[in-house]
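K.L.:
Structure in structure tokens, see below.
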Amino acid sequence: MPDDAVQLPNDLDSFWMPFTSSRAFKDNPRFLSGANGAYYTTPEGRQLIDGTGGLWCSNAGHGVDRITRAIQAQAADLDFAHTFGQGHPIAFQAASRLVDLAEGFDHVFLTNSGSESVDTALKIALAYHAARGDGQRRILVGRQKAYHGINFGGLSVGGIGLNKGQFGQLYPSALHMRHTLLPENAFSRGQPDHGAHLAEDLTGIIETHGAHAVAAVIVEPMAGAGGVFPPPKGYLERLREICDQHGILLIFDEVITGFGRLGTPFCYQHMGIQPDLMTAAKGMTNATVPMGGVFATAKVRDAFLNGPAAMPDLFHGYTYSGHPLAAAAAIATMDTYRDDRIFENAKAMAPHFEDMLHSLNGVPGVVDIRNFGMVGAIQLETPDAARAAYAKAWDAGLIVRPIGESLAMSPPLILTEQQISDIGEILNTVLRG
Ligand SMILES: Cc1ncc(COP(=O)(O)O)c(C=O)c1O
């Protein structure tokens with residue numbers, strides 16, 4: 001065997017894989033063993049364009065030397081220290097850099113994933129009202145087709161039935177608004193025209209249960225993992241208004257939209273709408289070391305400072321909140337985003353990405369195309385068609401993500417016009433094939 005050959009595992013059974021049919025995987029295992037820039041390499045040495053940016057997370061592309069070196073150096077200096085009532089400087093430095101990128105927010109509670117960020121944000125929302133003597137606010141409002149990760153809170157406010165079916169009763173006071181995927185918006189470029197009225201579902205919930213009972217509304221400003229639905233024009237603005245009128249916290253789940261996907265650091269800035277809490281993860285460290293966070297305004301955090309001074313502000317935290325390796329990775333990632341002008345490239349490439357996707361309008365079997373910044377989805381007729389197209393694209397040198405009937409894409413934000421054309425060519429061949 002040559003020195004650089006990659007050894008494939010003999011045992012495909014010990015690793016119980018996430019969101020995977022283990023039988024289907026074993027019948028046709030697909031492996032990646034290397035990555036650089038916008039490409040993955042297979043063990044056989046084939047290159048695949050990373051059309052999914054890892055899983056909506058490798059925003060600056062793979063193998064960024066500056067980030068790798070920062071993680072290595074941090075592991076040598078301080079591999080681990082917890083942050084329960086004691087600190088290490090790099091966690092504070094990382095938090096400062098993150099908050100600097102998110103104007104309107106003053107604090108970030110650090111976690112290890114998007115799911116943990118969502119559950120943390122929901123707990124902060126409940127505890128915020130309790131801290132202000134308004135503890136009867138217990139209802140958490142989510143949306144149909146929403147994905148907020150897989151922990152109990154996120155699953156409760158999430159709206160994908162398949163993800164919940166195995167688990168029975170979740171958070172008892174979760175209610176859902178309708179999703180915003182409307183047939184009249186098919187083939188919209190960017191934000192669709194129809195659907196602002198769906199924000200009135202929140203008014204309906206308030207009328208039924210009383211505003212005094214509603215703690216928070218959580219939405220992905222652009223629904224991602226449910227199939228990519230950009231927000232209808234006026235929809236998020238209206239949600240903000242209703243929340244303001246009734247003292248309800250608005251949480252944006254920016255686990256996918258954070259860190260440049262729309263050409264701004266976060267989607268709320270692109271939209272010009274300030275949420276009260278924001279969840280993030282994924283691109284926070286360019287996906288190199290797990291890290292997530294909940295961004296909070298001073299108004300929210302300050303409500304926690306009225307208890308006894310010796311007691312924790314919030315009875316919540318993870319062993320790895322502010323982990324030194326993740327903190328080092330986050331700082332190097334923020335440096336990379338700034339110095340390599342990654343978000344600027346996303347903004348410049350978004351129109352080309354949009355044109356490439358919509359050039360597939362008219363290909364037999366394509367029933368809708370949706371895009372927003374550097375995210376897109378091509379909807380086919382059936383989930384089987386999407387899975388078959390995913391497999392063919394893999395063989396043709398492109399990774400896409402099948403979600404229901406759709407193929408979702410969220411490539412690294414370093415993509416060039418040429419690479420966008422290459423993706424278009426592969427998709428054209430695959431979908432016509
Ligand atoms: C909007 C949103 N929230 C939460 C999550 C969960 O993140 P994680 O898989 O890091 O737990 C995801 C993952 O894709 C997501 O898209």
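Note on naming: chains are A, B, ... as they come in the structure tokens, residues start from 1 per chain, ligands start from 1 in the order shown.
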Per DSSP on the backbone, filter stretch 61-203 of chain A down to the residues in strand (DSSP E or B) and report them as an mmCIF file with N, CA and C atoms, in the first residue's frame.
P.N.:
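Written file, out-v1.cif:
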```
data_model
loop_
_atom_site.group_PDB
_atom_site.id
_atom_site.type_symbol
_atom_site.label_atom_id
_atom_site.label_comp_id
_atom_site.auth_asym_id
_atom_site.auth_seq_id
_atom_site.Cartn_x
_atom_site.Cartn_y
_atom_site.Cartn_z
ATOM 1 N N HIS A 62 -12.018 24.659 3.676
ATOM 2 C CA HIS A 62 -11.343 23.673 4.539
ATOM 3 C C HIS A 62 -9.840 23.920 4.618
ATOM 4 N N HIS A 107 -23.608 40.394 25.015
ATOM 5 C CA HIS A 107 -23.089 39.231 25.743
ATOM 6 C C HIS A 107 -23.282 37.983 24.900
ATOM 7 N N VAL A 108 -22.410 37.002 25.120
ATOM 8 C CA VAL A 108 -22.636 35.706 24.464
ATOM 9 C C VAL A 108 -22.396 34.591 25.482
ATOM 10 N N PHE A 109 -23.365 33.681 25.588
ATOM 11 C CA PHE A 109 -23.247 32.501 26.453
ATOM 12 C C PHE A 109 -22.726 31.372 25.569
ATOM 13 N N LEU A 110 -21.580 30.796 25.921
ATOM 14 C CA LEU A 110 -20.947 29.845 24.999
ATOM 15 C C LEU A 110 -21.390 28.404 25.246
ATOM 16 N N THR A 111 -21.630 27.698 24.154
ATOM 17 C CA THR A 111 -22.059 26.291 24.183
ATOM 18 C C THR A 111 -21.152 25.503 23.223
ATOM 19 N N ILE A 139 -45.143 29.783 27.389
ATOM 20 C CA ILE A 139 -45.332 29.248 26.028
ATOM 21 C C ILE A 139 -44.146 29.645 25.151
ATOM 22 N N LEU A 140 -43.618 28.671 24.449
ATOM 23 C CA LEU A 140 -42.542 28.894 23.479
ATOM 24 C C LEU A 140 -43.121 28.618 22.095
ATOM 25 N N VAL A 141 -42.992 29.577 21.208
ATOM 26 C CA VAL A 141 -43.617 29.449 19.889
ATOM 27 C C VAL A 141 -42.550 29.184 18.834
ATOM 28 N N GLY A 142 -42.762 28.127 18.060
ATOM 29 C CA GLY A 142 -41.900 27.814 16.920
ATOM 30 C C GLY A 142 -42.721 27.805 15.649
ATOM 31 N N ARG A 143 -42.271 27.046 14.676
ATOM 32 C CA ARG A 143 -42.934 27.072 13.375
ATOM 33 C C ARG A 143 -42.916 25.687 12.741
ATOM 34 N N ALA A 174 -45.244 24.127 23.941
ATOM 35 C CA ALA A 174 -44.706 24.604 22.660
ATOM 36 C C ALA A 174 -45.860 24.679 21.661
ATOM 37 N N LEU A 175 -45.972 25.813 20.974
ATOM 38 C CA LEU A 175 -46.991 25.986 19.943
ATOM 39 C C LEU A 175 -46.294 26.388 18.644
ATOM 40 N N HIS A 176 -47.003 26.192 17.547
ATOM 41 C CA HIS A 176 -46.348 26.399 16.254
ATOM 42 C C HIS A 176 -47.159 27.282 15.317
ATOM 43 N N MET A 177 -46.452 28.180 14.655
ATOM 44 C CA MET A 177 -47.054 28.949 13.564
ATOM 45 C C MET A 177 -46.896 28.117 12.282
#
```
K.L.:
6 Å from ligand 1 is the threshold here; counting only C-alpha atoms and all ligand atoms, which polymer residues fall inside it? Answer as a ChimeraX atom specification.
P.N.:
/A:113-115,147-149,220,224-225,253-256
K.L.:
Nearest to A:Ala328 among A:Ala91, A:Cys243, A:Leu427, A:Val64, with distances taken over only C-alpha atoms: which residue is it?
P.N.:
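Of all the options, A:Ala91 lies closest to A:Ala328.
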K.L.:
Give the answer as one residue: which of A:Phe167, A:Phe105, A:Trp394, A:Phe80 has the shortest atom-to-atom distance to A:Pro324, using only C-alpha atoms?
P.N.:
A:Phe80
K.L.:
Fewer than 4 positions away in the same chain doesn't count, so skip those; otherwise give me all residues within 10 Å of A:Leu8, counting only C-alpha atoms, as a tab-separated table (two decimals) with C-alpha atoms, in the first residue's frame.
P.N.:
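File produced: selection_17.tsv:
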```tsv
chain	number	residue	atom	x	y	z
A	12	LEU	CA	-18.76	-0.21	9.98
A	31	PHE	CA	-16.08	8.18	2.63
A	33	SER	CA	-10.64	11.52	3.89
A	43	PRO	CA	-9.82	7.82	-0.08
```
K.L.:
Which is closest to A:Pro402 among A:Gly210, A:Pro351, A:Pro364, A:Gly227, if we use only C-alpha atoms?
P.N.:
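Ranked by minimum distance to A:Pro402, first place goes to A:Gly227.
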K.L.:
Can you list, as a PyMOL selection string, every protein, DNA or RNA residue that comes within 12 Å of A:Val289 when you count only C-alpha atoms, leaving out same-chain residues fewer than 6 positions away?
P.N.:
chain A and resi 57-58+67-68+70-72+75+111-113+281-283+320+322-333
K.L.:
If you keep C-alpha atoms, can you produce a file of those selected residues as a PDB file, in the first residue's frame?
P.N.:
```pdb
ATOM      1  CA  CYS A  57     -20.536  25.353   8.498  1.00  0.00           C
ATOM      2  CA  SER A  58     -17.144  25.410   6.722  1.00  0.00           C
ATOM      3  CA  ILE A  67      -7.030  28.297  12.192  1.00  0.00           C
ATOM      4  CA  THR A  68      -5.165  24.983  12.303  1.00  0.00           C
ATOM      5  CA  ALA A  70      -4.120  28.523  16.394  1.00  0.00           C
ATOM      6  CA  ILE A  71      -5.729  25.285  17.598  1.00  0.00           C
ATOM      7  CA  GLN A  72      -2.373  23.498  17.743  1.00  0.00           C
ATOM      8  CA  ALA A  75      -3.544  22.786  22.782  1.00  0.00           C
ATOM      9  CA  THR A 111     -22.059  26.291  24.183  1.00  0.00           C
ATOM     10  CA  ASN A 112     -20.773  23.466  21.979  1.00  0.00           C
ATOM     11  CA  SER A 113     -23.370  23.163  19.237  1.00  0.00           C
ATOM     12  CA  ALA A 281     -22.712  27.729  16.075  1.00  0.00           C
ATOM     13  CA  LYS A 282     -21.239  26.048  12.951  1.00  0.00           C
ATOM     14  CA  GLY A 283     -19.293  28.886  11.242  1.00  0.00           C
ATOM     15  CA  TYR A 320     -16.899  22.888  27.701  1.00  0.00           C
ATOM     16  CA  GLY A 322     -15.577  28.533  26.355  1.00  0.00           C
ATOM     17  CA  HIS A 323     -13.283  25.534  25.757  1.00  0.00           C
ATOM     18  CA  PRO A 324      -9.785  26.912  25.090  1.00  0.00           C
ATOM     19  CA  LEU A 325      -9.333  25.081  21.768  1.00  0.00           C
ATOM     20  CA  ALA A 326     -12.709  26.261  20.492  1.00  0.00           C
ATOM     21  CA  ALA A 327     -11.995  29.798  21.700  1.00  0.00           C
ATOM     22  CA  ALA A 328      -8.654  29.818  19.866  1.00  0.00           C
ATOM     23  CA  ALA A 329     -10.350  28.468  16.753  1.00  0.00           C
ATOM     24  CA  ALA A 330     -13.079  31.140  16.987  1.00  0.00           C
ATOM     25  CA  ILE A 331     -10.581  33.985  17.223  1.00  0.00           C
ATOM     26  CA  ALA A 332      -8.538  32.682  14.277  1.00  0.00           C
ATOM     27  CA  THR A 333     -11.789  32.193  12.366  1.00  0.00           C
TER      28      THR A 333
END
```
K.L.:
As number ranges by chain, please: every residue in stretch 268-413 of chain A that DSSP puts in alpha helix (DSSP H).
P.N.:
A: 268-271, 298-302, 324-339, 342-358, 383-396
K.L.:
For A:Pro230, work out the shell of residues within 8 Å, counting only C-alpha atoms and skipping chain neighbours fewer than 2 positions away, then give it as a list in words.
P.N.:
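Using only C-alpha atoms, the neighbours found are Gly190, Gln191, Pro192, Pro221, Met222, Ala223, Val228, Pro232, Arg370, Asn371 and Phe372 of chain A.
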K.L.:
Once you have the residues from the selection above, write them out as a PDB file, in the first residue's frame, restricted to C-alpha atoms.
P.N.:
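Contents of result-v7.pdb, freshly written:
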```pdb
ATOM      1  CA  GLY A 190     -34.316  35.708  -2.837  1.00  0.00           C
ATOM      2  CA  GLN A 191     -37.139  36.776  -0.535  1.00  0.00           C
ATOM      3  CA  PRO A 192     -40.553  35.827  -1.923  1.00  0.00           C
ATOM      4  CA  PRO A 221     -34.681  33.983   9.806  1.00  0.00           C
ATOM      5  CA  MET A 222     -34.150  31.772   6.765  1.00  0.00           C
ATOM      6  CA  ALA A 223     -35.462  28.273   7.374  1.00  0.00           C
ATOM      7  CA  VAL A 228     -34.410  26.374   2.525  1.00  0.00           C
ATOM      8  CA  PRO A 232     -41.330  36.382   2.769  1.00  0.00           C
ATOM      9  CA  ARG A 370     -35.158  28.865  -3.845  1.00  0.00           C
ATOM     10  CA  ASN A 371     -32.120  30.922  -2.880  1.00  0.00           C
ATOM     11  CA  PHE A 372     -30.976  33.497  -0.359  1.00  0.00           C
TER      12      PHE A 372
END
```
K.L.:
Residues of stretch 46-99 of chain A that have any atom at most 8 Å from an atom of stretch 405-425 of chain A: could you tabulate them with the shortest-distance atom pair and the distance in Å to one decimal, using only C-alpha atoms, ordered by chain and increasing number, as CSV?
P.N.:
```
residue,atom,partner,partner_atom,distance
A:Ile49,CA,A:Ile423,CA,7.6
A:Asp50,CA,A:Pro411,CA,6.2
A:Gly51,CA,A:Pro411,CA,4.4
A:Thr52,CA,A:Ser410,CA,4.5
A:Gly53,CA,A:Pro411,CA,4.3
A:Gly54,CA,A:Pro411,CA,7.9
A:Leu55,CA,A:Ser410,CA,7.8
A:Trp56,CA,A:Ser410,CA,5.5
A:Cys57,CA,A:Pro412,CA,7.8
A:Ser58,CA,A:Pro412,CA,5.8
A:Asn59,CA,A:Pro412,CA,4.5
A:Ala60,CA,A:Pro412,CA,5.9
A:Gly61,CA,A:Pro412,CA,5.1
```
K.L.:
List the neighbours of A:Asp106 out to 7 Å using only C-alpha atoms; skip same-chain residues closer than 3 positions along the sequence, and give me the result as a PyMOL selection string.
P.N.:
chain A and resi 99+296-298
K.L.:
Keeping only C-alpha atoms, write those residues as a PDB file, in the first residue's frame.
P.N.:
```pdb
ATOM      1  CA  VAL A  99     -19.966  40.238  20.337  1.00  0.00           C
ATOM      2  CA  ALA A 296     -28.089  38.379  24.358  1.00  0.00           C
ATOM      3  CA  THR A 297     -28.911  42.055  24.528  1.00  0.00           C
ATOM      4  CA  ALA A 298     -28.014  43.999  27.674  1.00  0.00           C
TER       5      ALA A 298
END
```
K.L.:
Atom CA of A:Gly168 and atom CA of A:Leu202, how far apart in Å?
P.N.:
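Atom-to-atom, atom CA of A:Leu202 to atom CA of A:Gly168, that is 24.8 Å.
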K.L.:
Using atom CA of A:Gly247 and atom CA of A:Ala280 as the two end points, give the distance in Å to one decimal.
P.N.:
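Between these atoms lies a distance of 23.3 Å.
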K.L.:
As a list in words, please: the residues near stretch 122-137 of chain A (cut-off 8 Å, only C-alpha atoms, same-chain neighbours under 6 positions excluded).
P.N.:
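Non-adjacent residues within range: Gly153, His212, Ala213, Val214, Ala215, Ala216, Leu249, Val300, Arg301, Ala303, Phe304, Asn306 and Leu314 of chain A.
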K.L.:
With C-alpha atoms kept, could you save the residues just selected as a short mmCIF file (atom, residue, chain, number, x, y, z; two decimals), in the first residue's frame?
P.N.:
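Listing of out_17.cif after writing:
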```cif
data_model
loop_
_atom_site.label_atom_id
_atom_site.label_comp_id
_atom_site.auth_asym_id
_atom_site.auth_seq_id
_atom_site.Cartn_x
_atom_site.Cartn_y
_atom_site.Cartn_z
CA GLY A 153 -36.28 22.22 23.70
CA HIS A 212 -49.19 37.15 29.39
CA ALA A 213 -48.60 33.40 28.76
CA VAL A 214 -46.16 33.69 25.83
CA ALA A 215 -42.43 33.81 26.64
CA ALA A 216 -40.71 33.74 23.28
CA LEU A 249 -38.85 37.82 23.25
CA VAL A 300 -32.05 40.47 28.63
CA ARG A 301 -28.82 39.78 30.50
CA ALA A 303 -32.53 41.09 34.20
CA PHE A 304 -30.39 38.30 35.71
CA ASN A 306 -30.95 41.39 40.49
CA LEU A 314 -28.06 31.55 35.32
#
```
K.L.:
Rank nothing, just name the residue among A:Ser188, A:Ser14, A:Gln74, A:Thr336 nearest to A:Gly376, using only C-alpha atoms.
P.N.:
A:Ser188
